[in-house]
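The block underneath contains the structure these notes are about, expressed in structure tokens.
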Amino acid sequence: MSRLRSRLSPRIVLALFVIVLGGSLIAFASVTRTELGTPDQQATVRTSRDVSGLPIQSACTVVPGKELFVTDVSVVDDCLRTTWGPCISSGGTVPAPATQGAWTFGARMQSLAGTTDPATLSTFTLNWLHHWQVDQTINSDLVPARTRIKSLLIDPWLAASGGTTLDMKKAPFRLLAIVARLDLRQNAGYSGGTTAGEARFVYNLLDLNNNNAPTQFNVIFEYGLDAADCAAVQNWADLWHGLGSHTFGPDYNAALQAVTDRFATIGASPGKPNGSALNQLRTNEIALISPWELREFKLPVNVLTTGAPVQLAEATVAQTPARSLQNTTAISTYANANAAAILQNSNVVPLIWSGSPFRGGAAPNNLDLKWDGPLPSCTSITDPKVREAFSLNTCSGCHGTSETKTTFKQVEPRAAGFPSALSTFLTGTGPFTDMCGVQVNFNDIDRRRVDLCQLLNKTCTEINSEPVITFVH
Ligand code: HEC
């Protein structure tokens with residue numbers, strides 16, 4: 001070696017050095033790109049929830065706990081922006097809680113109704129809660145009343161408010177999480193509009209009759225992130241990604257509120273009902289009566305009102321058939337006829353299938369719903385992967401043990417001062433086999449992390465040609 005070097009002139013050594021260094025730089029650049037995924041891997045991150053094939057992301061700086069799924073107690077118990085945190089009980093020794101802070105349940109109702117008027121907000125909220133007091137028929141599906149809503153929530157809230165009007169400052173709901181769902185973005189190819197996805201606030205109902213204890217009743221507000229075009233989608237991605245560089249505490253919370261105020265305030269989305277960015281509000285509870293039940297509410301479009309805001313209306317549960325259709329041919333004929341779209345996660349479960357009502361009015365959940373056609377199991381839907389994808393995308397399937405190892409809740413109720421526990425669907429199930437032998441493996445926060453890493457590195461041409469997906473959650 002030393003003899004070889006002695007025979008090479010210094011200039012040649014320098015030239016060799018440049019070639020080697022340059023080559024390794026090119027190699028490094030292409031490795032970084034590979035870590036962001038091949039085009040096929042990038043498509044898979046968007047069209048499948050399985051994480052077995054996720055590209056390795058060592059070069060990516062997305063911090064999921066700050067940019068995608070925020071449960072840190074410094075956020076969810078922030079004295080200035082939330083209620084029911086430690087500030088409430090500490091008798092004035094810490095800053096008084098902002099009784100109408102930006103991340104309170106009351107602020108959510110204001111953003112839905114588009115007003116701060118106390119009487120209007122009370123009526124708007126009571127009208128929503130009345131849906132549980134009487135039987136509902138939604139898309140011909142009978143959804144029986146769950147009348148305990150009165151003694152558990154309405155009456156104690158009215159009593160705490162001192163009368164007949166619900167005081168939004170007394171709303172018995174604790175913040176559990178703030179979640180960015182940029183992975184639900186759609187380019188203009190989907191129903192004509194571009195969106196950067198959704199952002200969500202998750203709350204848990206507290207029992208005012210029982211020392212404000214957590215209950216088994218969760219509410220999620222799902223707001224659309226308006227984006228006129230690809231540049232606006234990239235801007236949302238930069239905004240959420242920017243949160244990763246802030247330190248938890250007052251600095252982070254101010255930065256996060258600057259982002260949440262863009263979609264969660266009054267008039268955030270002028271083109272939608274009440275000017276609200278809400279896409280839908282969903283509930284998941286057994287606190288009213290067994291079994292667990294999931295519901296969905298929307299602000300309907302094209303409703304004429306005189307002065308009063310558009311009221312929340314109960315809607316069908318997205319992507320989920322009526323409970324009575326389990327193990328019937330309606331399920332298997334739908335799944336078989338739409339197999340390709342179901343595998344691509346681009347199907348929309350219709351209101352009517354084969355001339356009969358199909359989508360459910362609510363989703364009862366006894367952890368028994370491994371959706372399938374007529375028995376014996378795994379025979380009537382031709383491709384077991386189609387059954388798996390179809391069932392996974394229902395409320396009861398994904399909030400259930402068979403498809404995702406989840407026991408009802410993705411986000412657990414919590415006591416003040418403690419963060420919510422998250423399901424293993426979110427944090428990692430590891431590989432397992434479903435009822436028909438299909439191997440699956442979920443880690444949805446990691447899937448979203450990889451997706452954001454890729455989004456931050458994509459050009460508009462790449463973003464605009466992303467596959468269409470219809471994930472509900
Ligand atoms: C593919 C999985 C999946 C499907 C399908 C799904 N969810 Fe969820 N759900 C989640 C995840 C994950 C969260 C946590 C928030 C997030 O990540 O956006 C969640 C959170 C919730 C919450 C608040 C926290 C909790 O776990 O109780 C409610 C309420 C809820 N979902 C209702 C519904 C309803 C109603 C449907 C059907 C229209 C539905 N979900 C369909 C995965 C799913």
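Following the order of the structure tokens, chains are lettered A, B, ..., residues in each are numbered from 1, and ligands are numbered from 1.
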Selection within 6 Å of ligand 1 by only C-alpha atoms and all ligand atoms, output as an MDAnalysis selection string: chainID A and resid 202 218:220 282:284 294:296 317:318 392:395 398:399 409:411 426 472:473
If you keep N, CA and C atoms, can you produce a file of those selected residues as a tab-separated table (two decimals), in the first residue's frame?
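part-v3.tsv written:
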```tsv
chain	number	residue	atom	x	y	z
A	202	VAL	N	-60.06	14.98	20.94
A	202	VAL	CA	-60.72	13.86	21.60
A	202	VAL	C	-61.01	14.25	23.06
A	218	ASN	N	-66.59	8.66	25.05
A	218	ASN	CA	-65.63	9.52	24.35
A	218	ASN	C	-66.32	10.25	23.19
A	219	VAL	N	-65.86	11.47	22.94
A	219	VAL	CA	-66.37	12.28	21.83
A	219	VAL	C	-65.17	12.75	21.02
A	220	ILE	N	-65.27	12.67	19.70
A	220	ILE	CA	-64.18	13.17	18.86
A	220	ILE	C	-64.74	14.18	17.86
A	282	ARG	N	-68.03	12.30	16.32
A	282	ARG	CA	-68.34	10.89	16.55
A	282	ARG	C	-68.29	10.58	18.04
A	283	THR	N	-69.09	9.61	18.46
A	283	THR	CA	-69.11	9.22	19.87
A	283	THR	C	-68.90	7.72	19.99
A	284	ASN	N	-68.44	7.31	21.15
A	284	ASN	CA	-68.12	5.91	21.43
A	284	ASN	C	-68.33	5.71	22.91
A	294	LEU	N	-71.26	3.19	18.80
A	294	LEU	CA	-70.61	4.33	18.14
A	294	LEU	C	-71.65	5.06	17.28
A	295	ARG	N	-71.60	6.39	17.34
A	295	ARG	CA	-72.53	7.20	16.55
A	295	ARG	C	-71.78	8.28	15.78
A	296	GLU	N	-72.46	8.86	14.80
A	296	GLU	CA	-71.85	9.91	13.97
A	296	GLU	C	-72.85	11.05	13.75
A	317	VAL	N	-73.32	5.73	10.12
A	317	VAL	CA	-71.92	5.54	10.50
A	317	VAL	C	-71.11	5.15	9.25
A	318	ALA	N	-70.09	5.95	8.95
A	318	ALA	CA	-69.34	5.78	7.71
A	318	ALA	C	-68.78	4.36	7.57
A	392	LEU	N	-62.08	-4.17	8.74
A	392	LEU	CA	-61.18	-3.22	9.43
A	392	LEU	C	-61.71	-1.80	9.33
A	393	ASN	N	-62.33	-1.45	8.22
A	393	ASN	CA	-62.75	-0.07	7.99
A	393	ASN	C	-64.12	0.27	8.57
A	394	THR	N	-64.74	-0.66	9.28
A	394	THR	CA	-65.99	-0.35	9.97
A	394	THR	C	-65.67	0.17	11.37
A	395	CYS	N	-66.62	0.95	11.94
A	395	CYS	CA	-66.41	1.46	13.31
A	395	CYS	C	-66.19	0.29	14.27
A	398	CYS	N	-62.74	-1.83	13.58
A	398	CYS	CA	-61.47	-1.22	13.98
A	398	CYS	C	-61.43	-0.95	15.49
A	399	HIS	N	-62.59	-0.63	16.07
A	399	HIS	CA	-62.64	-0.46	17.54
A	399	HIS	C	-62.92	-1.82	18.19
A	409	LYS	N	-61.86	1.13	22.77
A	409	LYS	CA	-61.35	2.51	22.65
A	409	LYS	C	-59.95	2.55	22.06
A	410	GLN	N	-59.73	3.55	21.21
A	410	GLN	CA	-58.38	3.79	20.70
A	410	GLN	C	-57.62	4.72	21.64
A	411	VAL	N	-58.38	5.58	22.33
A	411	VAL	CA	-57.79	6.54	23.27
A	411	VAL	C	-58.51	6.36	24.60
A	426	LEU	N	-52.72	1.80	17.40
A	426	LEU	CA	-51.96	3.03	17.19
A	426	LEU	C	-50.47	2.84	17.45
A	472	VAL	N	-61.92	6.26	7.12
A	472	VAL	CA	-62.70	7.14	7.98
A	472	VAL	C	-61.91	7.55	9.21
A	473	HIS	N	-60.97	6.70	9.63
A	473	HIS	CA	-60.17	7.04	10.83
A	473	HIS	C	-58.73	6.61	10.62
```
query: Any idea what's packed within 12 Å of A:Asp117, counting only C-alpha atoms, ignoring anything in its chain fewer than 4 positions away? Could you give it as an MDAnalysis selection string?
result: chainID A and resid 106:107 109:111 113 121:124 165:168 266 308:309
Can those selected residues be exported to a file as a PDB file, in the first residue's frame so that it contains N, CA and C atoms?
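Result file follows (selection.pdb):
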```pdb
ATOM      1  N   GLY A 106     -66.353  23.681  25.437  1.00  0.00           N
ATOM      2  CA  GLY A 106     -67.191  24.841  25.134  1.00  0.00           C
ATOM      3  C   GLY A 106     -66.725  25.565  23.878  1.00  0.00           C
ATOM      4  N   ALA A 107     -65.404  25.679  23.728  1.00  0.00           N
ATOM      5  CA  ALA A 107     -64.872  26.320  22.518  1.00  0.00           C
ATOM      6  C   ALA A 107     -65.201  25.495  21.273  1.00  0.00           C
ATOM      7  N   MET A 109     -67.984  23.684  20.870  1.00  0.00           N
ATOM      8  CA  MET A 109     -69.383  23.923  20.520  1.00  0.00           C
ATOM      9  C   MET A 109     -69.520  25.299  19.853  1.00  0.00           C
ATOM     10  N   GLN A 110     -68.755  26.292  20.338  1.00  0.00           N
ATOM     11  CA  GLN A 110     -68.775  27.612  19.683  1.00  0.00           C
ATOM     12  C   GLN A 110     -68.353  27.492  18.223  1.00  0.00           C
ATOM     13  N   SER A 111     -67.317  26.714  17.972  1.00  0.00           N
ATOM     14  CA  SER A 111     -66.809  26.597  16.603  1.00  0.00           C
ATOM     15  C   SER A 111     -67.805  25.861  15.704  1.00  0.00           C
ATOM     16  N   ALA A 113     -71.292  25.868  16.242  1.00  0.00           N
ATOM     17  CA  ALA A 113     -72.499  26.685  16.086  1.00  0.00           C
ATOM     18  C   ALA A 113     -72.181  28.034  15.454  1.00  0.00           C
ATOM     19  N   LEU A 121     -75.924  28.589  22.206  1.00  0.00           N
ATOM     20  CA  LEU A 121     -75.035  27.432  22.406  1.00  0.00           C
ATOM     21  C   LEU A 121     -75.713  26.363  23.249  1.00  0.00           C
ATOM     22  N   SER A 122     -76.470  26.791  24.264  1.00  0.00           N
ATOM     23  CA  SER A 122     -77.168  25.827  25.112  1.00  0.00           C
ATOM     24  C   SER A 122     -78.184  25.039  24.294  1.00  0.00           C
ATOM     25  N   THR A 123     -78.980  25.736  23.497  1.00  0.00           N
ATOM     26  CA  THR A 123     -79.987  25.059  22.670  1.00  0.00           C
ATOM     27  C   THR A 123     -79.318  24.120  21.669  1.00  0.00           C
ATOM     28  N   PHE A 124     -78.240  24.590  21.045  1.00  0.00           N
ATOM     29  CA  PHE A 124     -77.502  23.790  20.061  1.00  0.00           C
ATOM     30  C   PHE A 124     -77.002  22.493  20.699  1.00  0.00           C
ATOM     31  N   THR A 165     -80.258  26.618  31.366  1.00  0.00           N
ATOM     32  CA  THR A 165     -79.379  26.845  30.223  1.00  0.00           C
ATOM     33  C   THR A 165     -78.024  26.198  30.492  1.00  0.00           C
ATOM     34  N   LEU A 166     -77.532  25.382  29.564  1.00  0.00           N
ATOM     35  CA  LEU A 166     -76.212  24.763  29.742  1.00  0.00           C
ATOM     36  C   LEU A 166     -75.127  25.832  29.631  1.00  0.00           C
ATOM     37  N   ASP A 167     -74.301  25.939  30.686  1.00  0.00           N
ATOM     38  CA  ASP A 167     -73.178  26.882  30.674  1.00  0.00           C
ATOM     39  C   ASP A 167     -71.971  26.175  30.046  1.00  0.00           C
ATOM     40  N   MET A 168     -71.505  26.683  28.904  1.00  0.00           N
ATOM     41  CA  MET A 168     -70.394  26.016  28.207  1.00  0.00           C
ATOM     42  C   MET A 168     -69.136  25.968  29.066  1.00  0.00           C
ATOM     43  N   ILE A 266     -64.411  29.926  15.486  1.00  0.00           N
ATOM     44  CA  ILE A 266     -65.638  30.370  14.814  1.00  0.00           C
ATOM     45  C   ILE A 266     -65.290  30.915  13.433  1.00  0.00           C
ATOM     46  N   ALA A 308     -81.079  31.081  13.449  1.00  0.00           N
ATOM     47  CA  ALA A 308     -80.446  30.065  14.288  1.00  0.00           C
ATOM     48  C   ALA A 308     -79.413  29.289  13.485  1.00  0.00           C
ATOM     49  N   PRO A 309     -78.365  28.780  14.141  1.00  0.00           N
ATOM     50  CA  PRO A 309     -77.394  27.977  13.390  1.00  0.00           C
ATOM     51  C   PRO A 309     -77.997  26.651  12.923  1.00  0.00           C
TER      52      PRO A 309
END
```
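Using only C-alpha atoms for every distance, the candidate list A:Gly355, A:Gly197, A:Pro214, A:Gly101 yields A:Gly101 as the residue closest to A:Asp261.
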task: Find, counting only C-alpha atoms, the residue in A:Lys298, A:Pro156, A:Thr195, A:Tyr334 that gets nearest to A:Glu222.
output: A:Lys298
- prompt: Could you work out how far atom CA of A:Val179 lies from atom CA of A:His241, giving the answer in Å with one decimal?
  reply: 12.7 Å
Among the residues A:Ala102, A:Ile149, A:Leu456, A:Val63, the one that comes closest to A:Asp238 [using only C-alpha atoms]: A:Leu456
- line: Students should find that atom CA of A:Phe442 and atom CA of A:Thr404 are spaced 7.4 Å
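As for atom CA of A:Ala231 and atom CA of A:Thr44, they are spaced 23.0 Å apart.
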task: Determine which residues of stretch 157-195 of chain A DSSP labels as strand (DSSP E or B) from the backbone of this structure, then write them out as a list in words.
output: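 Residues of stretch 157-195 of chain A classed as strand (DSSP E or B): Phe173, Arg174, Leu175, Leu176, Ala177, Ile178, Val179, Ala180, Arg181, Gln186 and Thr195 of chain A.
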